[in-house]
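Q: Below is one structure. I have some questions about it.
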Amino acid sequence: MKYGCAVAFAITILCLFYCLVRTKESKKKIAVVGRRVLVVAMISVASNLVQMFSNNEVVYNITYSIFFVSLDWLLYNVLCFTIEYTGFSIIKYVRSKAVWFVLAADSISLLLNPILGHAYTCVQVLTVQNELYYSFISKLPYYIHLGISYILVVLTILCLIVKIACSPQIYRRKYWVILIFLMFIVTGDAVHLIFKTVIDVSILGFAFAGIAVYYYSIVYVSNDLLNRLFSVVVGGLGDGILLFDMDGQCIYANSTGRKMIEVSESASVEEVDEVCGEWLFRNELSRQEDFLYEWTKGKKSQAQHIKVSLQHLQDQKQRHVGYIMRFQDWTVQANEFYREHQLATRDHLTKVYNKSYFLKRAGEYIRQNNEGEFLLVCSDIKNFKLINDVFGMETGDALLVKLAGEIRRRAVHGEIYGRLGNDRFGILLHKKYFSTSEITQWQQNHIYLDDDIRYPIHLYLGVYEVGDGGVPVSVMCERALMAIETIKGGYHQKVAYYDDLLRDSALREQELSAELLEALKEEQIKIYLQPQVVSDGSVPGAEVLVRWEHPERGLLMPSSFVEMFERNGMIAKLDQYVWEQACRQLQKWERCGHGDIYLSVNISPKDFYYLDIYKIFTELIGKYKIAPSNLKLEITETTVMENLEEQLALIKRLRAAGFIVEMDDFGSGYSSLNMLKDICVDVLKIDMAFLKKGEDEERGRNILCTIIELSNKLDMPVIMEGVETKEQVQFLTEMGCHIFQGFYFAKPMSVSQFEKTYVMNSYRL
Ligand code: C2E
Ligand code: MG
Ligand code: MG
């Protein structure tokens, strides 16, 4: 029996030692405490083992003392281990100096016992087998030690019980195991102490407790716990998860996964496996290889966008162990992406491509289909601004939407189309699908502003033939629009092709633009004067008309450059130069005693965007010391209409400063007679179109008569421009118009010619 126990004790020490070595590998905090438990436990067992082979009282006395001390520290460390293990935050109280002091005092007291014999005394006892051993008789200090030990045990047990009570079922087991070992040791020890047995069998429990400490502090992670946590996490995931074993048999499917392939929550994994197989087959996917597949589930507006992936799983030795199939719903992201894409690529009003995306898509299409013969067609609505002004912006917008819808409806051959801005659309289409006659026919039949407003919409189309020259689509559009410019204003021609002639004129425009600054410096820009004649034959002044005496191209009329400079903004430079020349001329005449002659200069609508008109003219008259009334300012209807209130205020200021403001080309735009009372100009220059011969001659004259009558009533003098015949002078005079300008009297002429004819001789016609 004795030797059997000795062997068991020795094995216990070895066990503890083994656990100690293994815990060395761990860096966990709990492993440090665990090691302390193991070391002290080894000392406890060792002291018992020594006792077995001794029958010497002194040895007993010392080993008892060592055993009791080690028990103190063992129980203390078990408590620390338990606190660490249970995660309670009371460790700082247990590790306090007071506790250490008590334990140290008890230890010293027990260690001194072999000398002082104050805590217990050893007494010889004979066993039934006649073996001698030493038991002990306890004294007060021993009971104090016992009290300390039991307090530590009770605290430890309390910790475990509280933890067990508070923890979910899956965690309880790991606390129960420790508690059972502890109870076993404590009970065994109590039996040994109470019945004074020869051998403390509970010491054997140390081996199991040591292993438990090692196992639970280093190794243990509950599989059950893991499994449960896994299914909680995976089950609750938004993603659908299906797991398959190495043979391809489904072993797990979370509820989202089941929903995705439409199997019920209660279906067995075998059923899931079957449905999954059918799903893969339907979508032409296989379990053999990893894939990432984008799947759209459901109908259009409620469609779900799902990314399905299959991934084979391997162990550390790269052996196939199964695979995971994952369904990720990215409908929200897909819709967001779609929305952003729409915003970035669509015109917000008409929902067709916006300009930049149209240019991009058309460019890509041309590059990818370089075999085909394509046309780039641009459209422009005649008088769109007028439609906006007369019928309101909303009607204008509705027209654009309607037009976009019409294009969309007709684009059945893969045409690419978009809105280029304002009232312009661009369409890239195959040549064979474009027919001018069809378009004309379509326009005649279809387009009205509204069902209620039977205002016919006139659409101009500019066509650019896409060649293989690598011309950017933006340039193609510019060219198609340039073609439109050639037919604008007319009613009959609706389609214009960009051709070489147009390209040449574009090139010419570019060259002229580049030459303007040089031309101004070299004084190639000249002012010509066209006399304005009063009915009595006097010539009180003239209109200043610009001419470009080009060294190579000859005399260029404003029609060949004014509009272009208006487009590129250079008009401001040109006009400023002309105005300065006019002022210089007035100054010259003033100095020669002809200060009664006036000159009227043209102001382009674009000048108002680039220049401070008021400042420039007031400075000019200051600089050349001329009377402001001698410098008449010709503005156009467009200028006023574009920014009514601001322009009216400016006109007021200019008139207040003494300038005479004239409304040029009155009647050529869409000003109404009504407007006359609001536009506070000094003089009305009536557009020469009213004098044109033709079908509407009579009608034109009637309108003319009304304008003249009305302006006379408003005390606003009228100048008629473009007077070419005597007859015209006659009926105009009858109508009440008394100032004329036109070829009948004189064509625009050089300044020297004008001076010679009208100034020096104070000529009267
Ligand atoms: P506008 O201001 O209405 O000038 C009158 C135009 O009618 C001039 O053409 C003149 O030569 C022409 N004209 C005068 N009498 C007759 C006639 O009896 N029959 C015909 N068929 N035409 C007549 P021009 O000089 O070619 O100028 C055309 C337009 O160019 C001007 O129209 C004006 O809008 C613009 N322009 C001319 N000079 C300047 C300038 O210095 N600055 C700006 N911004 N525009 C200018
Ligand atoms: Mg004019
Ligand atoms: Mg005019």
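Just remember, in the structure tokens the first chain shown is A, the second B, etc., residues are 1-based per chain, and ligands are 1-based in the order shown.
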Extract, using only C-alpha atoms, all DNA, RNA and protein residues at most 12 Å from Tyr64 of chain A, discarding same-chain residues fewer than 2 positions from it, and format them as a VMD selection string.

A: chain A and resid 43 to 52 57 to 62 66 to 71 107 110 to 114 117 119 to 122 134 to 138 142 200

Q: For ligand 1, return the neighbouring residues as JSON, numbers by chain (distance at most 8 Å; only C-alpha atoms and all ligand atoms).

A: {"A": [527, 528, 530, 543, 544, 545, 546, 547, 557, 558, 559, 562, 566, 571, 574, 575, 578, 579, 601, 602, 603, 604, 605, 607, 634, 664, 665, 687, 688, 721, 722, 723, 724, 741, 742, 743, 744, 746, 747, 748]}

Q: Apply DSSP to the structure's backbone, then extract all residues of segment 86-166 of chain A labelled strand (DSSP E) and return them as a ChimeraX atom specification.

A: /A:120-126,132-138

Q: Using only C-alpha atoms, what table do you get, as CSV, when you list each residue of segment 44-98 of chain A with an atom no more than 10 Å from segment 31-36 of chain A, its nearest pair of atoms, and their distance in Å rounded to one decimal, rows by chain then rising number?

A:
residue,atom,partner,partner_atom,distance
A:Trp73,CA,A:Arg36,CA,8.9
A:Leu74,CA,A:Arg36,CA,8.0
A:Tyr76,CA,A:Arg36,CA,10.0
A:Asn77,CA,A:Arg36,CA,6.6
A:Val78,CA,A:Gly34,CA,8.0
A:Leu79,CA,A:Val33,CA,9.7
A:Cys80,CA,A:Val33,CA,7.0
A:Phe81,CA,A:Val33,CA,5.6
A:Thr82,CA,A:Val33,CA,9.4
A:Glu84,CA,A:Val33,CA,8.2
A:Tyr85,CA,A:Val33,CA,9.8

Q: Contacts of Glu734 of chain A at 12 Å or less, counting only C-alpha atoms, minus same-chain residues fewer than 6 places along, as a list in words?

A: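 Counting only the stated atoms, we get Ser535, Arg701, Leu704, Cys705, Ile708, Glu709, Glu727 and Gln728 of chain A.
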
Q: Could you work out how far atom CA of Asp389 of chain A lies from atom CA of Val495 of chain A, giving the answer in Å with one decimal?

A: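 We find that atom CA of Val495 of chain A and atom CA of Asp389 of chain A lie 25.6 Å from each other.
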
Q: Could you name the residues that touch Leu310 of chain A at 8 Å or less, counting only C-alpha atoms, but leaving out those on the same chain fewer than 6 positions away, as a ChimeraX atom specification?

A: /A:287,289-292,323-326

Q: For each of A:Lys360, A:Lys685, A:Lys355, A:His305, take the minimum atom-to-atom distance to ligand 3, counting only C-alpha atoms and all ligand atoms, then give the residue where this is smallest.

A: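 Answer, going by the shortest atom-to-atom distance: A:Lys685.
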
Q: Would you pick out the contacts of Pro717 of chain A at 10 Å or less, using only C-alpha atoms, so that residues sharing its chain but fewer than 2 positions from it are not included, and give the list as number ranges by chain?

A: A: 662, 681-685, 708, 711-715, 719, 736-739

Q: Nearest to ligand 2 among A:Gln493, A:Glu522, A:Gln587, A:Gln532, with distances taken over only C-alpha atoms and all ligand atoms: which residue is it?

A: A:Gln532

Q: Taking the chain letters and numbering used in this document, name the residues of segment 331-364 of chain A that DSSP puts in helix (DSSP H, G or I), as a VMD selection string.

A: chain A and resid 331 to 345 355 to 364

Q: Write out as number ranges by chain the residues lying within 8 Å of segment 407-414 of chain A, counting only C-alpha atoms and excluding same-chain residues fewer than 3 positions away.

A: A: 403-404, 417, 429, 433

Q: Go ahead and dump the residues you just picked, N, CA, C and O atoms, as a PDB file, in the first residue's frame.

A:
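result_22.pdb, written as the output of this step:
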ATOM      1  N   LEU A 403     -38.863  65.723 -77.403  1.00  0.00           N
ATOM      2  CA  LEU A 403     -37.931  65.465 -78.499  1.00  0.00           C
ATOM      3  C   LEU A 403     -37.016  64.284 -78.165  1.00  0.00           C
ATOM      4  O   LEU A 403     -36.768  63.409 -78.998  1.00  0.00           O
ATOM      5  N   ALA A 404     -36.537  64.265 -76.903  1.00  0.00           N
ATOM      6  CA  ALA A 404     -35.669  63.159 -76.473  1.00  0.00           C
ATOM      7  C   ALA A 404     -36.435  61.840 -76.589  1.00  0.00           C
ATOM      8  O   ALA A 404     -35.895  60.825 -77.046  1.00  0.00           O
ATOM      9  N   TYR A 417     -27.278  58.272 -78.701  1.00  0.00           N
ATOM     10  CA  TYR A 417     -27.758  59.650 -78.743  1.00  0.00           C
ATOM     11  C   TYR A 417     -27.661  60.292 -77.370  1.00  0.00           C
ATOM     12  O   TYR A 417     -27.611  59.601 -76.343  1.00  0.00           O
ATOM     13  N   LEU A 429     -25.389  57.396 -85.849  1.00  0.00           N
ATOM     14  CA  LEU A 429     -26.163  56.288 -86.425  1.00  0.00           C
ATOM     15  C   LEU A 429     -25.521  55.807 -87.728  1.00  0.00           C
ATOM     16  O   LEU A 429     -24.651  56.490 -88.293  1.00  0.00           O
ATOM     17  N   TYR A 433     -29.503  54.148 -92.025  1.00  0.00           N
ATOM     18  CA  TYR A 433     -30.728  54.441 -91.300  1.00  0.00           C
ATOM     19  C   TYR A 433     -31.098  55.927 -91.321  1.00  0.00           C
ATOM     20  O   TYR A 433     -31.985  56.358 -90.607  1.00  0.00           O
TER      21      TYR A 433
END

Q: When you look at Lys488 of chain A with a cut-off of 9 Å (counting only C-alpha atoms), what residues show up, excluding the ones that are within fewer than 5 positions of it in the same chain? I need them as a list in words.

A: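 Residues meeting the cut-off are Lys382, Tyr460, Gln493 and Lys494 of chain A.
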
Q: I need the residues from that last selection saved to file as a PDB file, in the first residue's frame (with all heavy atoms), if you can.

A:
ATOM      1  N   LYS A 382     -35.341  75.524 -83.965  1.00  0.00           N
ATOM      2  CA  LYS A 382     -35.415  76.927 -84.409  1.00  0.00           C
ATOM      3  C   LYS A 382     -36.129  77.771 -83.350  1.00  0.00           C
ATOM      4  O   LYS A 382     -37.150  77.371 -82.815  1.00  0.00           O
ATOM      5  CB  LYS A 382     -36.169  76.997 -85.734  1.00  0.00           C
ATOM      6  CG  LYS A 382     -36.215  78.410 -86.279  1.00  0.00           C
ATOM      7  CD  LYS A 382     -36.906  78.486 -87.592  1.00  0.00           C
ATOM      8  CE  LYS A 382     -37.102  79.957 -87.930  1.00  0.00           C
ATOM      9  NZ  LYS A 382     -36.892  80.252 -89.298  1.00  0.00           N
ATOM     10  N   TYR A 460     -33.617  71.893 -87.048  1.00  0.00           N
ATOM     11  CA  TYR A 460     -32.526  71.856 -88.019  1.00  0.00           C
ATOM     12  C   TYR A 460     -31.636  70.663 -87.693  1.00  0.00           C
ATOM     13  O   TYR A 460     -31.349  70.400 -86.531  1.00  0.00           O
ATOM     14  CB  TYR A 460     -31.650  73.103 -87.898  1.00  0.00           C
ATOM     15  CG  TYR A 460     -32.356  74.390 -88.241  1.00  0.00           C
ATOM     16  CD1 TYR A 460     -32.512  75.380 -87.279  1.00  0.00           C
ATOM     17  CD2 TYR A 460     -32.834  74.615 -89.525  1.00  0.00           C
ATOM     18  CE1 TYR A 460     -33.137  76.579 -87.581  1.00  0.00           C
ATOM     19  CE2 TYR A 460     -33.470  75.816 -89.835  1.00  0.00           C
ATOM     20  CZ  TYR A 460     -33.610  76.797 -88.861  1.00  0.00           C
ATOM     21  OH  TYR A 460     -34.218  77.969 -89.164  1.00  0.00           O
ATOM     22  N   GLN A 493     -35.085  74.573 -95.750  1.00  0.00           N
ATOM     23  CA  GLN A 493     -34.077  73.511 -95.618  1.00  0.00           C
ATOM     24  C   GLN A 493     -33.953  73.078 -94.164  1.00  0.00           C
ATOM     25  O   GLN A 493     -33.821  73.907 -93.266  1.00  0.00           O
ATOM     26  CB  GLN A 493     -32.729  74.019 -96.122  1.00  0.00           C
ATOM     27  CG  GLN A 493     -31.806  72.870 -96.457  1.00  0.00           C
ATOM     28  CD  GLN A 493     -30.459  73.354 -96.909  1.00  0.00           C
ATOM     29  OE1 GLN A 493     -30.287  74.512 -97.270  1.00  0.00           O
ATOM     30  NE2 GLN A 493     -29.480  72.458 -96.869  1.00  0.00           N
ATOM     31  N   LYS A 494     -34.045  71.778 -93.967  1.00  0.00           N
ATOM     32  CA  LYS A 494     -34.011  71.284 -92.581  1.00  0.00           C
ATOM     33  C   LYS A 494     -32.753  70.515 -92.279  1.00  0.00           C
ATOM     34  O   LYS A 494     -32.388  70.346 -91.118  1.00  0.00           O
ATOM     35  CB  LYS A 494     -35.227  70.391 -92.350  1.00  0.00           C
ATOM     36  CG  LYS A 494     -36.482  71.251 -92.465  1.00  0.00           C
ATOM     37  CD  LYS A 494     -37.711  70.582 -92.009  1.00  0.00           C
ATOM     38  CE  LYS A 494     -38.769  71.637 -91.818  1.00  0.00           C
ATOM     39  NZ  LYS A 494     -39.982  71.413 -92.525  1.00  0.00           N
TER      40      LYS A 494
END

Q: Restricting the calculation to only C-alpha atoms and all ligand atoms, which member of A:Ser167, A:Gln316, A:Thr636, A:Ser301 is positioned closest to ligand 2?

A: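 Looking only at the distances to ligand 2, the closest residue turns out to be A:Thr636.
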
Q: Which one is closest to Cys5 of chain A: A:Ser268, A:Ser286, A:Val201, A:Ala657? Count only C-alpha atoms.

A: A:Val201

Q: What is the atom CA of Gly541 of chain A to atom CA of Ala656 of chain A distance in Å?

A: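 The value is 21.4 Å.
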